[in-house]
Amino acid sequence: MGRRVAFTAASNGPAGPNQLRYALTDQARLTRILGSRICGFDVSGTSATSSVAELRDGIFAVAEQCRPGDTLVVTFAGHALIDGGELFLLWHDSHPERLLRTALPARDVFAAMDRSRATNKLLVLDCCHAGAVLGPGFRAAPATSLNEVAAQAGSFLMLLASDRLERAREVESLSGGFLTVKLCQALERGADSDQDGQTSLGDAVEWIRRQAERHNAYSLGETVPIPLVLGKERGPVILTTAPVWEPWTFRLGSVEMVLLPVLYGFADAGAVAISRHPVTNDQYREFVTAADAGGQDAVEPAGYSYDPARMSWHEPFRPWDDRRYRAADLPVVCVDYRAAERYCGWLSRRFGGWDPRQRPSDGVVLSRSVDPAYAITLPTPAQWSFAAYGDFEALSPRSASGRTRRMPVRLQPEIHQDAAMPAAAERDGSRTNSLGVSDMFGNVWEWCLGAPLRGHRSTLVAIGDFDDELADRGLARTVELRGGGYLDEAANVVPYVRASELQYGLETAHTDLGFRVCTTVEVASLPDQVAEILTYHGVPLPDDSRTFLRLPTGQ
């Protein structure tokens with residue numbers, strides 16, 4: 001793979017009524033993104049004190065150092081004007097009477113890139129009249145394309161903020177030039193329209209054009225030109241390196257959490273994390289014995305054991321009284337839905353108030369955009385599904401319409417199935433998928449968060465017939481169990497069932513039924529390189545009625 005080289009330049013231009021204010025800020029942002037792990041470019045460029053001679057020398061230097069196989073990107077943000085049919089890029093000390101010495105002819109930039117031996121070349125001009133870059137030598141054929149003027153290049157493309165007679169503009173609401181800001185967003189968010197795991201120039205341009213059309217439809221008086229592309233492309237110009245998602249963990253006390261590349265609403269301020277393993281006996285025992293669990297009905301698990309001879313469930317059974325089920329690192333079983341919710345509430349009281357003494361490990365901060373009472377919950381079916389498949393809709397009874405881009409996930413190599421008892425939390429990775437989550441299939445079934453039918457309940461209250469049993473029956477129709485258990489054969493079981501289909505509904509407490517927990521963390525609290533890759537890979541969490549508890553708190 002060849003080198004990836006970029007040169008960025010920007011100038012607020014000569015003082016005047018149309019002085020640009022954001023060009024240098026735009027350059028700094030684009031420089032950071034191109035040089036990040038997301039894009040992987042070796043970036044150089046100008047500063048606020050650079051001269052126009054240093055600008056020219058810098059562009060020529062990066063063009064000359066490139067070799068076949070390399071990718072070269074040159075960007076300019078600032079003022080430009082047409083003089084004598086020729087486009088000049090203006091500098092902070094440019095003078096209209098001395099353009100040859102105080103400004104840079106765009107043809108010099110074009111010539112430098114045209115002569116460069118890089119295989120893939122991209123020139124980005126975020127300035128007025130950018131379409132005039134092909135002149136005046138090509139004025140006789142205004143429609144001339146780079147297919148005719150750069151025959152030796154693999155790909156030579158120009159992304160232009162405006163056509164020859166158009167004016168590019170900065171947008172107050174964006175605090176920057178439209179093209180550069182949207183290009184940065186396309187790279188940061190992974191505008192991967194063809195779902196190949198990388199953002200090409202074509203992906204970015206398609207996304208930017210949609211953004212421009214949307215902006216113009218809703219921004220009267222602040223419309224922007226639709227960016228255009230000139231040139232030829234022999235193979236895609238890849239702008240991002242598609243870094244591999246690497247699992248990253250932190251702790252909520254004794255519970256190890258795995259960050260998922262899933263962004264949760266509220267201006268992408270939160271990212272979803274799920275417990276690496278189902279909750280274990282030791283972790284649940286801490287809840288049962290905790291002083292602050294008083295009044296919360298925190299009792300030892302109890303429920304039903306399976307009799308293989310009779311192929312039926314029998315109670316009472318207390319797993320902590322049985323040596324086969326009470327080991328510290330075995331998943332806790334015989335916990336019904338309400339008990340699992342109470343455990344989540346206990347963890348939320350410990351970590352959801354953002355007390356520095358109780359903050360999770362590695363400096364992580366739980367999202368302040370959700371009610372601290374519900375900072376930690378059972379995973380919703382959508383969250384569970386993504387952790388298992390890299391897709392929100394897999395094996396969902398609902399339509400797959402509106403599906404967002406998925407992340408290919410290597411499923412766990414082994415499944416604990418067709419066994420006499422559950423298996424301890426594994427530490428060798430044999431039952432862990434490529435997102436870093438263990439036992440999504442087999443070992444124990446897992447509760448997923450349900451949604452009370454609030455409209456239905458309010459109607460019942462109005463007519464005076466509301467009761468808890470009826471409410472629970474409505475809730476059970478939305479509560480799901482996922483994954484399968486150690487008693488099942490994975491090939492012969494659909495790893496999905498509604499609680500309403502079980503004999504005891506939400507009170508089901510079997511020896512093959514456990515749970516794991518889920519939370520949302522602030523992206524800003526994550527290490528820079530983790531946040532950077534998360535922002536690129538992150539998939540937006542779709543709307544789901546089960547997230548109704550996660551309400552803004554105003555804190």
# chains A, B, ... in the order shown; residues from 1 in each chain; ligands from 1

$ residues_around --residues "Val437 of chain A" --least-positions-apart "6" --cutoff "10 Å" --atoms "only C-alpha atoms" --output "PyMOL selection string"
chain A and resi 247+257-260+274-278+387-388+411-412+429+431

$ closest_atom_pairs --of "segment 149-256 of chain A" --to "segment 68-72 of chain A" --cutoff "10 Å" --atoms "only C-alpha atoms" --output "CSV"
residue,atom,partner,partner_atom,distance
A:Ala153,CA,A:Pro68,CA,9.5
A:Gly154,CA,A:Gly69,CA,9.1
A:Ser155,CA,A:Thr71,CA,9.3
A:Phe156,CA,A:Leu72,CA,9.5
A:Val237,CA,A:Thr71,CA,7.8
A:Ile238,CA,A:Thr71,CA,8.5
A:Leu239,CA,A:Thr71,CA,9.0

$ write_last_selection --atoms "N, CA and C atoms" --output "short mmCIF file (atom, residue, chain, number, x, y, z; two decimals), in the first residue's frame"
data_model
loop_
_atom_site.label_atom_id
_atom_site.label_comp_id
_atom_site.auth_asym_id
_atom_site.auth_seq_id
_atom_site.Cartn_x
_atom_site.Cartn_y
_atom_site.Cartn_z
N ALA A 153 -2.42 9.97 -15.16
CA ALA A 153 -2.72 9.71 -13.76
C ALA A 153 -3.67 8.53 -13.60
N GLY A 154 -3.55 7.84 -12.44
CA GLY A 154 -4.51 6.80 -12.15
C GLY A 154 -5.87 7.44 -11.89
N SER A 155 -5.92 8.37 -10.95
CA SER A 155 -7.13 9.15 -10.66
C SER A 155 -6.69 10.57 -10.37
N PHE A 156 -7.32 11.54 -10.99
CA PHE A 156 -7.04 12.95 -10.74
C PHE A 156 -8.40 13.64 -10.67
N VAL A 237 -10.89 6.73 -5.05
CA VAL A 237 -9.94 7.46 -4.20
C VAL A 237 -10.42 7.27 -2.76
N ILE A 238 -9.69 6.48 -1.99
CA ILE A 238 -10.11 6.14 -0.63
C ILE A 238 -9.59 7.20 0.34
N LEU A 239 -10.50 7.77 1.13
CA LEU A 239 -10.13 8.83 2.05
C LEU A 239 -9.94 8.33 3.48
#

$ select_by_dssp --residues "segment 302-525 of chain A" --states "helix (DSSP H, G or I)" --output "PyMOL selection string"
chain A and resi 319-321+337-351+356-358+361-363+372-374+381-389+454-463+468-476+490-492+499-501+505-507+523-525

$ closest_residue --among "A:Leu502, A:Leu165, A:Trp447, A:Met113" --to "Ala61 of chain A" --atoms "only C-alpha atoms"
A:Met113

$ residues_around --residues "Arg117 of chain A" --least-positions-apart "2" --cutoff "7 Å" --atoms "only C-alpha atoms" --output "mmCIF file with all heavy atoms, in the first residue's frame"
data_model
loop_
_atom_site.group_PDB
_atom_site.id
_atom_site.type_symbol
_atom_site.label_atom_id
_atom_site.label_comp_id
_atom_site.auth_asym_id
_atom_site.auth_seq_id
_atom_site.Cartn_x
_atom_site.Cartn_y
_atom_site.Cartn_z
ATOM 1 N N CYS A 66 5.904 12.394 -3.949
ATOM 2 C CA CYS A 66 5.018 11.241 -4.128
ATOM 3 C C CYS A 66 5.560 10.273 -5.177
ATOM 4 O O CYS A 66 6.243 10.668 -6.126
ATOM 5 C CB CYS A 66 3.620 11.698 -4.526
ATOM 6 S SG CYS A 66 2.728 12.542 -3.212
ATOM 7 N N ARG A 67 5.218 9.008 -4.989
ATOM 8 C CA ARG A 67 5.659 7.933 -5.878
ATOM 9 C C ARG A 67 4.441 7.160 -6.361
ATOM 10 O O ARG A 67 3.354 7.267 -5.797
ATOM 11 C CB ARG A 67 6.630 6.981 -5.143
ATOM 12 C CG ARG A 67 7.901 7.677 -4.659
ATOM 13 C CD ARG A 67 8.790 8.062 -5.839
ATOM 14 N NE ARG A 67 10.025 8.703 -5.403
ATOM 15 C CZ ARG A 67 10.196 10.006 -5.262
ATOM 16 N NH1 ARG A 67 9.191 10.834 -5.527
ATOM 17 N NH2 ARG A 67 11.354 10.494 -4.869
ATOM 18 N N PRO A 68 4.577 6.354 -7.417
ATOM 19 C CA PRO A 68 3.449 5.515 -7.860
ATOM 20 C C PRO A 68 2.898 4.684 -6.712
ATOM 21 O O PRO A 68 3.658 4.125 -5.907
ATOM 22 C CB PRO A 68 4.072 4.644 -8.954
ATOM 23 C CG PRO A 68 5.191 5.490 -9.496
ATOM 24 C CD PRO A 68 5.757 6.210 -8.300
ATOM 25 N N ARG A 115 1.890 16.847 -12.528
ATOM 26 C CA ARG A 115 3.223 16.267 -12.718
ATOM 27 C C ARG A 115 3.598 15.272 -11.623
ATOM 28 O O ARG A 115 4.558 14.527 -11.770
ATOM 29 C CB ARG A 115 4.272 17.379 -12.789
ATOM 30 C CG ARG A 115 4.191 18.214 -14.064
ATOM 31 C CD ARG A 115 5.335 19.221 -14.124
ATOM 32 N NE ARG A 115 6.636 18.559 -14.134
ATOM 33 C CZ ARG A 115 7.247 18.079 -15.231
ATOM 34 N NH1 ARG A 115 6.632 18.168 -16.417
ATOM 35 N NH2 ARG A 115 8.420 17.515 -15.162
ATOM 36 N N THR A 119 -0.441 7.973 -7.657
ATOM 37 C CA THR A 119 -1.451 7.260 -8.439
ATOM 38 C C THR A 119 -2.823 7.905 -8.298
ATOM 39 O O THR A 119 -3.579 7.992 -9.272
ATOM 40 C CB THR A 119 -1.516 5.789 -7.999
ATOM 41 O OG1 THR A 119 -0.248 5.169 -8.263
ATOM 42 C CG2 THR A 119 -2.605 5.035 -8.747
#

$ atom_distance --atom1 "atom CA of Val479 of chain A" --atom2 "atom CA of Val365 of chain A"
28.3 Å

$ residues_around --residues "Leu230 of chain A" --least-positions-apart "2" --cutoff "9 Å" --atoms "only C-alpha atoms" --output "list in words"
Gly131, Ser145, Leu146, Phe156, Leu157, Met158, Leu159, Leu160, Leu228 and Lys232 of chain A

$ write_last_selection --atoms "all heavy atoms" --output "compact mmCIF listing (two decimals), in the first residue's frame"
# COMPACT_ATOMS: atom_id res chain seq x y z
N GLY A 131 -14.62 26.55 -9.93
CA GLY A 131 -14.72 25.89 -11.22
C GLY A 131 -13.85 26.50 -12.29
O GLY A 131 -13.64 25.89 -13.35
N SER A 145 -12.65 18.03 -19.64
CA SER A 145 -12.53 17.32 -18.37
C SER A 145 -11.10 16.85 -18.19
O SER A 145 -10.29 16.88 -19.12
CB SER A 145 -13.47 16.10 -18.36
OG SER A 145 -12.94 15.08 -19.19
N LEU A 146 -10.82 16.41 -16.99
CA LEU A 146 -9.46 15.94 -16.73
C LEU A 146 -9.16 14.63 -17.43
O LEU A 146 -8.02 14.18 -17.44
CB LEU A 146 -9.26 15.80 -15.22
CG LEU A 146 -9.29 17.13 -14.45
CD1 LEU A 146 -8.96 16.88 -12.99
CD2 LEU A 146 -8.29 18.11 -15.04
N PHE A 156 -7.32 11.54 -10.99
CA PHE A 156 -7.04 12.95 -10.74
C PHE A 156 -8.40 13.64 -10.67
O PHE A 156 -9.06 13.82 -11.69
CB PHE A 156 -6.17 13.54 -11.85
CG PHE A 156 -5.66 14.94 -11.53
CD1 PHE A 156 -4.74 15.54 -12.36
CD2 PHE A 156 -6.09 15.64 -10.40
CE1 PHE A 156 -4.25 16.82 -12.08
CE2 PHE A 156 -5.62 16.91 -10.11
CZ PHE A 156 -4.70 17.50 -10.96
N LEU A 157 -8.79 13.99 -9.45
CA LEU A 157 -10.12 14.54 -9.23
C LEU A 157 -10.04 15.88 -8.50
O LEU A 157 -9.10 16.13 -7.75
CB LEU A 157 -10.96 13.57 -8.40
CG LEU A 157 -11.27 12.23 -9.08
CD1 LEU A 157 -11.75 11.21 -8.05
CD2 LEU A 157 -12.32 12.42 -10.16
N MET A 158 -11.02 16.71 -8.76
CA MET A 158 -11.14 17.99 -8.08
C MET A 158 -12.51 18.08 -7.43
O MET A 158 -13.53 17.91 -8.11
CB MET A 158 -10.96 19.14 -9.06
CG MET A 158 -9.57 19.24 -9.67
SD MET A 158 -9.44 20.71 -10.69
CE MET A 158 -7.74 20.55 -11.26
N LEU A 159 -12.54 18.36 -6.14
CA LEU A 159 -13.78 18.61 -5.41
C LEU A 159 -13.87 20.11 -5.18
O LEU A 159 -13.04 20.69 -4.49
CB LEU A 159 -13.77 17.85 -4.07
CG LEU A 159 -14.96 18.10 -3.14
CD1 LEU A 159 -16.28 17.76 -3.82
CD2 LEU A 159 -14.79 17.30 -1.85
N LEU A 160 -14.87 20.74 -5.78
CA LEU A 160 -14.95 22.19 -5.84
C LEU A 160 -16.20 22.69 -5.12
O LEU A 160 -17.30 22.15 -5.31
CB LEU A 160 -14.96 22.66 -7.28
CG LEU A 160 -13.85 22.07 -8.19
CD1 LEU A 160 -14.04 22.53 -9.62
CD2 LEU A 160 -12.47 22.47 -7.66
N LEU A 228 -19.21 20.35 -6.75
CA LEU A 228 -19.09 19.54 -7.96
C LEU A 228 -17.73 18.87 -8.02
O LEU A 228 -16.79 19.28 -7.35
CB LEU A 228 -19.31 20.40 -9.21
CG LEU A 228 -18.30 21.52 -9.51
CD1 LEU A 228 -18.20 21.73 -11.02
CD2 LEU A 228 -18.74 22.82 -8.86
N LYS A 232 -11.19 12.47 -13.55
CA LYS A 232 -11.38 11.07 -13.90
C LYS A 232 -10.96 10.21 -12.72
O LYS A 232 -10.16 10.63 -11.88
CB LYS A 232 -10.56 10.70 -15.13
CG LYS A 232 -9.06 10.72 -14.88
CD LYS A 232 -8.31 10.01 -15.98
CE LYS A 232 -6.84 9.90 -15.62
NZ LYS A 232 -6.10 9.11 -16.59

$ residues_around --residues "Tyr304 of chain A" --least-positions-apart "6" --cutoff "9 Å" --atoms "only C-alpha atoms" --output "list in words"
Trp313, His314, Glu315, Pro316, Phe317, Arg318, Cys334, Thr508, Ala509, His510 and Thr511 of chain A
